[in-house]
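Dumped start.pdb below, it's PDB, C-alpha atoms:
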ATOM      1  CA  MET A  25       0.000   0.000   0.000
ATOM      2  CA  ILE A  26       2.766   2.415   0.896
ATOM      3  CA  CYS A  27       4.576   1.652  -2.347
ATOM      4  CA  LEU A  28       1.414   2.282  -4.393
ATOM      5  CA  ALA A  29       0.861   5.601  -2.648
ATOM      6  CA  LEU A  30       4.420   6.763  -3.382
ATOM      7  CA  CYS A  31       4.112   5.800  -7.038
ATOM      8  CA  ALA A  32       0.829   7.672  -7.323
ATOM      9  CA  GLY A  33       2.404  10.773  -5.767
ATOM     10  CA  ILE A  34       5.316  10.747  -8.189
ATOM     11  CA  ALA A  35       2.915  10.409 -11.108
ATOM     12  CA  LEU A  36       0.887  13.411  -9.936
ATOM     13  CA  GLN A  37       4.066  15.536  -9.542
ATOM     14  CA  ALA A  38       5.114  14.646 -13.090
ATOM     15  CA  GLN A  39       1.698  15.727 -14.385
ATOM     16  CA  ASP A  40       1.940  19.066 -12.469
ATOM     17  CA  LYS A  41       5.482  19.995 -13.760
ATOM     18  CA  LYS A  42       5.252  23.129 -15.882
ATOM     19  CA  GLU A  43       6.918  23.207 -19.275
ATOM     20  CA  TYR A  44       8.753  26.406 -20.337
ATOM     21  CA  PRO A  45       9.835  27.408 -23.842
ATOM     22  CA  LYS A  46      13.320  26.272 -24.716
ATOM     23  CA  PRO A  47      15.937  28.831 -25.953
ATOM     24  CA  GLU A  48      15.737  29.401 -29.661
ATOM     25  CA  PRO A  49      18.556  27.891 -31.710
ATOM     26  CA  MET A  50      21.435  30.267 -32.284
ATOM     27  CA  THR A  51      22.240  31.505 -35.777
ATOM     28  CA  PRO A  52      25.475  33.219 -36.915
ATOM     29  CA  GLY A  53      23.682  36.541 -37.362
ATOM     30  CA  MET A  54      22.674  36.723 -33.708
ATOM     31  CA  THR A  55      26.245  37.611 -32.710
ATOM     32  CA  GLU A  56      27.070  39.925 -35.629
ATOM     33  CA  PHE A  57      26.747  43.711 -35.643
ATOM     34  CA  TRP A  58      27.306  45.996 -38.608
ATOM     35  CA  VAL A  59      27.153  49.585 -37.391
ATOM     36  CA  PRO A  60      28.879  51.903 -36.979
ATOM     37  CA  GLN A  61      31.180  50.968 -39.841
ATOM     38  CA  ARG A  62      34.840  51.883 -39.251
ATOM     39  CA  ALA A  63      36.528  54.833 -40.965
ATOM     40  CA  VAL A  64      38.818  53.861 -43.811
ATOM     41  CA  VAL A  65      42.490  54.731 -43.154
ATOM     42  CA  THR A  66      45.059  54.308 -45.887
ATOM     43  CA  PRO A  67      48.217  52.808 -44.360
ATOM     44  CA  GLY A  68      51.611  54.298 -45.046
ATOM     45  CA  ASP A  69      54.273  52.659 -47.182
ATOM     46  CA  ALA A  70      55.534  49.707 -45.160
ATOM     47  CA  ALA A  71      58.997  49.983 -46.713
ATOM     48  CA  THR A  72      59.491  53.538 -45.442
ATOM     49  CA  ALA A  73      57.218  53.521 -42.351
ATOM     50  CA  GLY A  74      55.264  56.299 -44.026
ATOM     51  CA  ALA A  75      52.411  57.981 -42.190
ATOM     52  CA  PRO A  76      48.841  56.671 -42.494
ATOM     53  CA  SER A  77      46.245  58.969 -44.038
ATOM     54  CA  ASP A  78      44.772  60.169 -40.727
ATOM     55  CA  ALA A  79      48.108  61.029 -39.087
ATOM     56  CA  ILE A  80      49.369  64.483 -38.160
ATOM     57  CA  ILE A  81      52.788  64.974 -39.724
ATOM     58  CA  LEU A  82      55.114  66.419 -37.091
ATOM     59  CA  PHE A  83      58.211  66.449 -39.306
ATOM     60  CA  ASP A  84      58.158  66.099 -43.082
ATOM     61  CA  GLY A  85      61.882  66.577 -43.711
ATOM     62  CA  LYS A  86      61.554  70.280 -44.542
ATOM     63  CA  ASP A  87      61.122  72.429 -41.436
ATOM     64  CA  LEU A  88      60.225  72.551 -37.750
ATOM     65  CA  SER A  89      56.995  74.491 -38.217
ATOM     66  CA  GLN A  90      55.154  72.010 -35.954
ATOM     67  CA  TRP A  91      57.662  72.531 -33.122
ATOM     68  CA  CYS A  92      58.683  75.285 -30.727
ATOM     69  CA  SER A  93      60.876  75.966 -27.721
ATOM     70  CA  PRO A  94      59.296  75.066 -24.349
ATOM     71  CA  LYS A  95      59.690  78.771 -23.590
ATOM     72  CA  GLY A  96      57.460  79.614 -26.529
ATOM     73  CA  GLY A  97      59.991  80.751 -29.137
ATOM     74  CA  PRO A  98      60.917  78.940 -32.357
ATOM     75  CA  ALA A  99      62.559  75.513 -32.278
ATOM     76  CA  LYS A 100      66.306  76.025 -32.713
ATOM     77  CA  TRP A 101      67.466  72.596 -33.806
ATOM     78  CA  GLU A 102      69.128  72.275 -37.208
ATOM     79  CA  VAL A 103      67.224  70.984 -40.257
ATOM     80  CA  HIS A 104      69.361  69.463 -43.018
ATOM     81  CA  ASP A 105      69.162  66.695 -45.633
ATOM     82  CA  GLY A 106      65.616  65.691 -44.673
ATOM     83  CA  VAL A 107      66.401  65.281 -40.954
ATOM     84  CA  PHE A 108      66.816  67.529 -37.946
ATOM     85  CA  THR A 109      69.577  67.404 -35.363
ATOM     86  CA  VAL A 110      69.761  68.479 -31.739
ATOM     87  CA  VAL A 111      71.936  71.546 -31.275
ATOM     88  CA  LYS A 112      74.619  71.074 -28.629
ATOM     89  CA  GLY A 113      76.406  73.757 -26.660
ATOM     90  CA  SER A 114      75.430  76.773 -24.598
ATOM     91  CA  GLY A 115      71.766  77.715 -24.480
ATOM     92  CA  ILE A 116      70.764  74.152 -25.287
ATOM     93  CA  GLU A 117      66.968  73.716 -25.346
ATOM     94  CA  ASP A 118      64.456  70.919 -25.752
ATOM     95  CA  ILE A 119      61.861  71.251 -28.474
ATOM     96  CA  GLN A 120      58.189  70.348 -28.250
ATOM     97  CA  THR A 121      55.133  70.186 -30.472
ATOM     98  CA  LYS A 122      52.971  73.268 -30.739
ATOM     99  CA  GLU A 123      49.891  71.056 -30.605
ATOM    100  CA  VAL A 124      48.974  69.174 -27.437
ATOM    101  CA  PHE A 125      47.650  65.628 -27.247
ATOM    102  CA  GLY A 126      45.854  63.155 -24.995
ATOM    103  CA  SER A 127      46.164  59.480 -25.911
ATOM    104  CA  PHE A 128      48.030  58.810 -29.134
ATOM    105  CA  GLN A 129      50.044  56.583 -31.437
ATOM    106  CA  LEU A 130      53.452  58.090 -32.202
ATOM    107  CA  HIS A 131      56.109  57.104 -34.723
ATOM    108  CA  LEU A 132      59.590  58.624 -34.816
ATOM    109  CA  GLU A 133      63.026  57.612 -36.074
ATOM    110  CA  TRP A 134      66.390  58.615 -34.653
ATOM    111  CA  CYS A 135      70.071  57.978 -35.292
ATOM    112  CA  THR A 136      73.392  58.423 -33.522
ATOM    113  CA  PRO A 137      76.326  59.165 -35.832
ATOM    114  CA  VAL A 138      79.223  56.935 -36.758
ATOM    115  CA  GLY A 139      82.202  57.678 -34.520
ATOM    116  CA  ILE A 140      80.122  58.590 -31.485
ATOM    117  CA  THR A 141      82.106  58.558 -28.227
ATOM    118  CA  GLY A 142      81.263  58.428 -24.537
ATOM    119  CA  SER A 143      79.893  55.730 -22.293
ATOM    120  CA  SER A 144      76.915  54.950 -20.089
ATOM    121  CA  GLN A 145      74.547  57.970 -20.031
ATOM    122  CA  ALA A 146      77.039  60.236 -21.823
ATOM    123  CA  ARG A 147      76.525  58.609 -25.218
ATOM    124  CA  GLY A 148      73.760  59.877 -27.504
ATOM    125  CA  ASN A 149      71.424  60.792 -24.671
ATOM    126  CA  SER A 150      67.999  62.207 -25.479
ATOM    127  CA  GLY A 151      64.392  61.269 -24.792
ATOM    128  CA  VAL A 152      60.816  61.622 -25.953
ATOM    129  CA  PHE A 153      58.444  62.986 -23.305
ATOM    130  CA  LEU A 154      54.809  61.917 -23.570
ATOM    131  CA  GLN A 155      52.490  64.846 -22.785
ATOM    132  CA  GLY A 156      55.680  66.628 -21.759
ATOM    133  CA  MET A 157      55.723  64.573 -18.532
ATOM    134  CA  TYR A 158      56.825  60.973 -19.012
ATOM    135  CA  GLU A 159      60.116  60.062 -20.693
ATOM    136  CA  VAL A 160      60.822  57.165 -23.010
ATOM    137  CA  GLN A 161      64.625  57.137 -22.965
ATOM    138  CA  ILE A 162      66.738  57.567 -26.091
ATOM    139  CA  LEU A 163      70.360  56.484 -25.662
ATOM    140  CA  ASP A 164      73.066  54.766 -27.708
ATOM    141  CA  ASN A 165      73.240  51.387 -25.996
ATOM    142  CA  TYR A 166      75.015  49.602 -28.819
ATOM    143  CA  GLU A 167      77.796  47.803 -26.910
ATOM    144  CA  ASN A 168      77.371  50.420 -24.191
ATOM    145  CA  GLU A 169      76.038  49.404 -20.784
ATOM    146  CA  THR A 170      74.263  51.637 -18.262
ATOM    147  CA  TYR A 171      71.727  51.241 -15.450
ATOM    148  CA  ILE A 172      68.920  49.244 -17.014
ATOM    149  CA  ASN A 173      66.049  51.550 -15.999
ATOM    150  CA  GLY A 174      67.880  54.344 -17.814
ATOM    151  CA  MET A 175      68.843  52.487 -20.987
ATOM    152  CA  VAL A 176      67.281  52.863 -24.426
ATOM    153  CA  GLY A 177      63.599  51.891 -24.454
ATOM    154  CA  SER A 178      63.144  52.377 -20.721
ATOM    155  CA  ILE A 179      60.538  54.504 -19.009
ATOM    156  CA  TYR A 180      63.268  56.583 -17.436
ATOM    157  CA  LYS A 181      64.153  55.575 -13.864
ATOM    158  CA  GLN A 182      61.018  53.382 -13.738
ATOM    159  CA  SER A 183      60.688  50.429 -16.126
ATOM    160  CA  PRO A 184      63.622  48.774 -17.953
ATOM    161  CA  PRO A 185      62.982  47.593 -21.513
ATOM    162  CA  LEU A 186      62.262  43.914 -22.095
ATOM    163  CA  VAL A 187      65.247  43.621 -24.472
ATOM    164  CA  ASN A 188      67.884  45.807 -26.164
ATOM    165  CA  PRO A 189      67.278  45.984 -29.943
ATOM    166  CA  MET A 190      69.652  48.917 -30.528
ATOM    167  CA  ARG A 191      71.200  49.251 -33.987
ATOM    168  CA  LYS A 192      74.829  50.302 -34.353
ATOM    169  CA  PRO A 193      75.771  54.001 -34.786
ATOM    170  CA  GLY A 194      74.989  55.365 -38.217
ATOM    171  CA  GLU A 195      71.862  53.187 -38.602
ATOM    172  CA  TRP A 196      68.335  54.471 -37.974
ATOM    173  CA  ASN A 197      66.247  53.307 -35.036
ATOM    174  CA  SER A 198      62.481  53.616 -34.781
ATOM    175  CA  TYR A 199      60.010  53.988 -31.948
ATOM    176  CA  ASP A 200      56.325  53.155 -32.277
ATOM    177  CA  ILE A 201      54.603  54.294 -29.103
ATOM    178  CA  ILE A 202      50.987  53.667 -28.101
ATOM    179  CA  TYR A 203      50.182  55.894 -25.145
ATOM    180  CA  THR A 204      47.054  56.029 -22.980
ATOM    181  CA  ALA A 205      46.723  59.294 -21.083
ATOM    182  CA  PRO A 206      45.894  59.260 -17.349
ATOM    183  CA  VAL A 207      42.581  60.143 -15.725
ATOM    184  CA  PHE A 208      42.707  61.912 -12.367
ATOM    185  CA  ASN A 209      40.493  61.874  -9.306
ATOM    186  CA  GLU A 210      39.327  65.171  -7.819
ATOM    187  CA  ASP A 211      42.027  64.915  -5.141
ATOM    188  CA  GLY A 212      44.778  64.761  -7.797
ATOM    189  CA  THR A 213      45.499  61.034  -7.515
ATOM    190  CA  TYR A 214      45.292  58.681 -10.470
ATOM    191  CA  LEU A 215      41.905  57.188 -11.242
ATOM    192  CA  TYR A 216      43.673  55.498 -14.162
ATOM    193  CA  PRO A 217      47.473  55.920 -14.458
ATOM    194  CA  PRO A 218      49.147  56.528 -17.825
ATOM    195  CA  ARG A 219      50.114  53.410 -19.739
ATOM    196  CA  VAL A 220      52.440  52.867 -22.676
ATOM    197  CA  THR A 221      53.433  50.205 -25.175
ATOM    198  CA  VAL A 222      56.696  50.758 -27.069
ATOM    199  CA  LEU A 223      58.126  48.910 -30.051
ATOM    200  CA  MET A 224      61.731  49.686 -30.930
ATOM    201  CA  ASN A 225      62.821  48.631 -34.405
ATOM    202  CA  GLY A 226      59.702  46.442 -34.500
ATOM    203  CA  VAL A 227      60.612  44.704 -31.215
ATOM    204  CA  LEU A 228      58.380  45.005 -28.134
ATOM    205  CA  VAL A 229      60.287  46.737 -25.311
ATOM    206  CA  GLN A 230      57.390  48.020 -23.134
ATOM    207  CA  ASN A 231      54.203  45.971 -22.956
ATOM    208  CA  ASN A 232      51.232  48.032 -21.713
ATOM    209  CA  THR A 233      53.476  49.378 -18.959
ATOM    210  CA  THR A 234      51.996  51.414 -16.115
ATOM    211  CA  ILE A 235      53.778  54.754 -15.721
ATOM    212  CA  ARG A 236      53.931  55.508 -12.001
ATOM    213  CA  GLY A 237      54.296  59.282 -12.326
ATOM    214  CA  THR A 238      56.624  61.919 -13.701
ATOM    215  CA  THR A 239      60.054  60.640 -14.690
ATOM    216  CA  GLN A 240      62.580  62.177 -12.310
ATOM    217  CA  PHE A 241      66.378  62.289 -12.569
ATOM    218  CA  ILE A 242      66.582  62.498  -8.763
ATOM    219  CA  GLY A 243      63.896  61.042  -6.546
ATOM    220  CA  HIS A 244      60.800  58.955  -6.996
ATOM    221  CA  PRO A 245      57.953  59.485  -9.492
ATOM    222  CA  THR A 246      55.432  62.126  -8.529
ATOM    223  CA  ILE A 247      51.807  62.504  -9.570
ATOM    224  CA  ALA A 248      51.129  65.879 -11.155
ATOM    225  CA  PRO A 249      47.554  66.346 -12.455
ATOM    226  CA  HIS A 250      47.471  67.672 -16.011
ATOM    227  CA  GLY A 251      45.485  67.805 -19.219
ATOM    228  CA  ASP A 252      46.629  67.324 -22.788
ATOM    229  CA  GLY A 253      50.311  68.013 -23.350
ATOM    230  CA  PRO A 254      52.971  68.230 -26.063
ATOM    231  CA  VAL A 255      55.422  65.661 -27.342
ATOM    232  CA  ARG A 256      58.844  66.916 -26.219
ATOM    233  CA  LEU A 257      62.299  65.895 -27.436
ATOM    234  CA  GLN A 258      65.203  66.305 -25.063
ATOM    235  CA  ALA A 259      68.429  68.202 -25.690
ATOM    236  CA  HIS A 260      70.431  66.426 -23.014
ATOM    237  CA  GLY A 261      73.739  68.249 -23.249
ATOM    238  CA  ASP A 262      76.073  65.267 -22.983
ATOM    239  CA  PRO A 263      79.401  65.775 -24.797
ATOM    240  CA  SER A 264      78.901  62.992 -27.366
ATOM    241  CA  ALA A 265      77.917  63.621 -30.965
ATOM    242  CA  PRO A 266      74.346  64.897 -31.498
ATOM    243  CA  ILE A 267      71.280  62.797 -32.382
ATOM    244  CA  SER A 268      69.251  63.260 -35.563
ATOM    245  CA  PHE A 269      65.513  62.628 -36.078
ATOM    246  CA  ARG A 270      63.258  62.025 -39.070
ATOM    247  CA  ASN A 271      59.824  60.743 -40.120
ATOM    248  CA  ILE A 272      57.741  61.792 -37.112
ATOM    249  CA  TRP A 273      53.967  61.442 -37.148
ATOM    250  CA  ILE A 274      51.170  61.030 -34.612
ATOM    251  CA  ARG A 275      47.608  59.761 -34.535
ATOM    252  CA  LYS A 276      45.164  60.907 -31.874
ATOM    253  CA  LEU A 277      43.366  58.057 -30.095
TER     254      LEU A 277
END

Before anything else, please render the file you have as structure tokens.
Amino acid sequence: MICLALCAGIALQAQDKKEYPKPEPMTPGMTEFWVPQRAVVTPGDAATAGAPSDAIILFDGKDLSQWCSPKGGPAKWEVHDGVFTVVKGSGIEDIQTKEVFGSFQLHLEWCTPVGITGSSQARGNSGVFLQGMYEVQILDNYENETYINGMVGSIYKQSPPLVNPMRKPGEWNSYDIIYTAPVFNEDGTYLYPPRVTVLMNGVLVQNNTTIRGTTQFIGHPTIAPHGDGPVRLQAHGDPSAPISFRNIWIRKL
């Protein structure tokens, strides 16, 4: 009797179970979206690392009309033979772009001359400052050792490069820099710190690296709230032969 009662109860529960619609079968189109279509950008010549069609040309081999002194006057570096060269000596000055930028993709090429002398930091020293605040080091580290968080491809005094892909003096090096600008809290701290990816001569040397603050020669990084800023190239003043630059362009992100 007990067994019959249990069986009857199970049968009634099965009859009372509610059936719900099953999910519809997926089709390829359910996970495809078509708008907004992406803008068409014509890439530059791969053989020459030419600028894509939506880039801002910062140096076209002719003049420094896109650059100025940090003090506001004209850029004083020397333009010759399709390149420009840092001017050494008294009154040495950095140069920076007249236009300011937030996040960006930057391409530039640079070269130290054959016969360069000096060692460690006193050998082809320069740098590219992102938003005028954060330095990606430029240095001739071809068979020239220095402290690794100050060598070529480093975020100066912060993050050493992953490897050293430096070409020998007289050959051109390239930087391709993808930079994400910081966002600040109301109290001046980072909500999101700046980040940077750097390829040197096509080799990854910084991989989505967090920049901890301003790049200091003495002391630790500091957080200095700011808005858009220029790209700045450093005139370091070391006694070795000067550095030349060419083919500089930028894309706003």

So that each row is one residue of segment 141-168 of chain A with an atom at most 8 Å from segment 233-255 of chain A, can you give its shortest atom pair and the distance in Å to one decimal, using all atoms listed in the file, rows by chain and rising number, as a tab-separated table?
residue	atom	partner	partner_atom	distance
A:Val152	CA	A:Val255	CA	6.9
A:Phe153	CA	A:Val255	CA	5.7
A:Leu154	CA	A:Val255	CA	5.3
A:Gln155	CA	A:Gly253	CA	3.9
A:Gly156	CA	A:Pro254	CA	5.3
A:Met157	CA	A:Thr238	CA	5.6
A:Tyr158	CA	A:Thr238	CA	5.4
A:Glu159	CA	A:Thr239	CA	6.0

Go ahead and save the picked residues with C-alpha atoms, as an mmCIF file, in the coordinates of the input.
data_model
loop_
_atom_site.group_PDB
_atom_site.id
_atom_site.type_symbol
_atom_site.label_atom_id
_atom_site.label_comp_id
_atom_site.auth_asym_id
_atom_site.auth_seq_id
_atom_site.Cartn_x
_atom_site.Cartn_y
_atom_site.Cartn_z
ATOM 1 C CA VAL A 152 60.816 61.622 -25.953
ATOM 2 C CA PHE A 153 58.444 62.986 -23.305
ATOM 3 C CA LEU A 154 54.809 61.917 -23.570
ATOM 4 C CA GLN A 155 52.490 64.846 -22.785
ATOM 5 C CA GLY A 156 55.680 66.628 -21.759
ATOM 6 C CA MET A 157 55.723 64.573 -18.532
ATOM 7 C CA TYR A 158 56.825 60.973 -19.012
ATOM 8 C CA GLU A 159 60.116 60.062 -20.693
#

My list of candidates is A:Ile274, A:Val160, A:Ile116, A:Asn173. Which is closest to Ala79 of chain A when distances are computed with all atoms listed in the file?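 Closest candidate: A:Ile274.
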
All residues 9 Å or closer to Gly226 of chain A, all atoms listed in the file, same chain fewer than 6 positions away omitted, as an MDAnalysis selection string: chainID A and resid 189 198:200

Check which residues satisfy the PyMOL selection byres ((chain A and resi 137) around 12) in the file shown, then give them as a PyMOL selection string. chain A and resi 109+134-136+138-141+147-148+164+166+191-197+264-269

Distance in Å - atom CA of Ile119 of chain A versus atom CA of His104 of chain A: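 Answer for the atom CA of Ile119 of chain A to atom CA of His104 of chain A separation: 16.5 Å.
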
Within 9 Å of segment 85-89 of chain A, counting all atoms listed in the file, which residues show up once you throw out same-chain ones fewer than 2 positions away? Write them as a short mmCIF file (atom, residue, chain, number, x, y, z; two decimals) with C-alpha atoms, in the coordinates of the input, please.
data_model
loop_
_atom_site.label_atom_id
_atom_site.label_comp_id
_atom_site.auth_asym_id
_atom_site.auth_seq_id
_atom_site.Cartn_x
_atom_site.Cartn_y
_atom_site.Cartn_z
CA LEU A 82 55.11 66.42 -37.09
CA PHE A 83 58.21 66.45 -39.31
CA TRP A 91 57.66 72.53 -33.12
CA CYS A 92 58.68 75.28 -30.73
CA PRO A 98 60.92 78.94 -32.36
CA ALA A 99 62.56 75.51 -32.28
CA LYS A 100 66.31 76.03 -32.71
CA TRP A 101 67.47 72.60 -33.81
CA GLU A 102 69.13 72.28 -37.21
CA VAL A 103 67.22 70.98 -40.26
CA HIS A 104 69.36 69.46 -43.02
CA ASP A 105 69.16 66.69 -45.63
CA GLY A 106 65.62 65.69 -44.67
CA VAL A 107 66.40 65.28 -40.95
CA PHE A 108 66.82 67.53 -37.95
CA LYS A 122 52.97 73.27 -30.74
CA ARG A 270 63.26 62.02 -39.07
CA ASN A 271 59.82 60.74 -40.12
#

Atom pair atom CA of Leu163 of chain A / atom CA of Val176 of chain A: separation (Å):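 Computed distance, atom CA of Leu163 of chain A to atom CA of Val176 of chain A, equals 4.9 Å.
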
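If you count all atoms listed in the file and ignore residues fewer than 2 places along the chain from segment 214-223 of chain A, what sits within 7 Å of it is A:Tyr199, A:Asp200, A:Ile201, A:Ile202, A:Tyr203, A:Thr204, A:Ala205, A:Pro206, A:Val207, A:Phe208, A:Asn209, A:Gly212, A:Asn225, A:Gly226, A:Val227, A:Leu228, A:Val229, A:Gln230, A:Asn231, A:Asn232, A:Thr233, A:Thr234, A:Ile235, A:Arg236.
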
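With atom CA of Ala63 of chain A on one side and atom CA of Glu123 of chain A on the other, the separation reads 23.4 Å.
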
Test item: the PyMOL selection byres ((chain A and resi 66) around 8) resolved as an mmCIF file with C-alpha atoms, in the coordinates of the input:
data_model
loop_
_atom_site.group_PDB
_atom_site.id
_atom_site.type_symbol
_atom_site.label_atom_id
_atom_site.label_comp_id
_atom_site.auth_asym_id
_atom_site.auth_seq_id
_atom_site.Cartn_x
_atom_site.Cartn_y
_atom_site.Cartn_z
ATOM 1 C CA VAL A 64 38.818 53.861 -43.811
ATOM 2 C CA VAL A 65 42.490 54.731 -43.154
ATOM 3 C CA PRO A 67 48.217 52.808 -44.360
ATOM 4 C CA GLY A 68 51.611 54.298 -45.046
ATOM 5 C CA PRO A 76 48.841 56.671 -42.494
ATOM 6 C CA SER A 77 46.245 58.969 -44.038
ATOM 7 C CA ASP A 78 44.772 60.169 -40.727
#

Tell me which residues the PyMOL selection byres ((chain A and resi 259) around 10) grabs here, as a PyMOL selection string. chain A and resi 101+109-113+116-119+149-151+256-258+260-262+266-267

Judged by only C-alpha atoms, the minimum distance to Val124 of chain A among A:Ile80, A:Glu167, A:Tyr180, A:Gly97 is found for A:Ile80

Write out as lines of an AutoDock Vina configuration file an axis-aligned box for segment 132-146 of chain A: all of its atoms listed in the file, 5 Å added on each side, centre and edge lengths in Å with one decimal.
center_x = 70.9
center_y = 57.6
center_z = -28.4
size_x = 32.6
size_y = 15.3
size_z = 26.7

Point out the residue among A:Gly74, A:Pro60, A:Gly53, A:Gly126 with the least atom-to-atom distance to Leu277 of chain A, counting only C-alpha atoms.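 Answer, going by the shortest atom-to-atom distance: A:Gly126.
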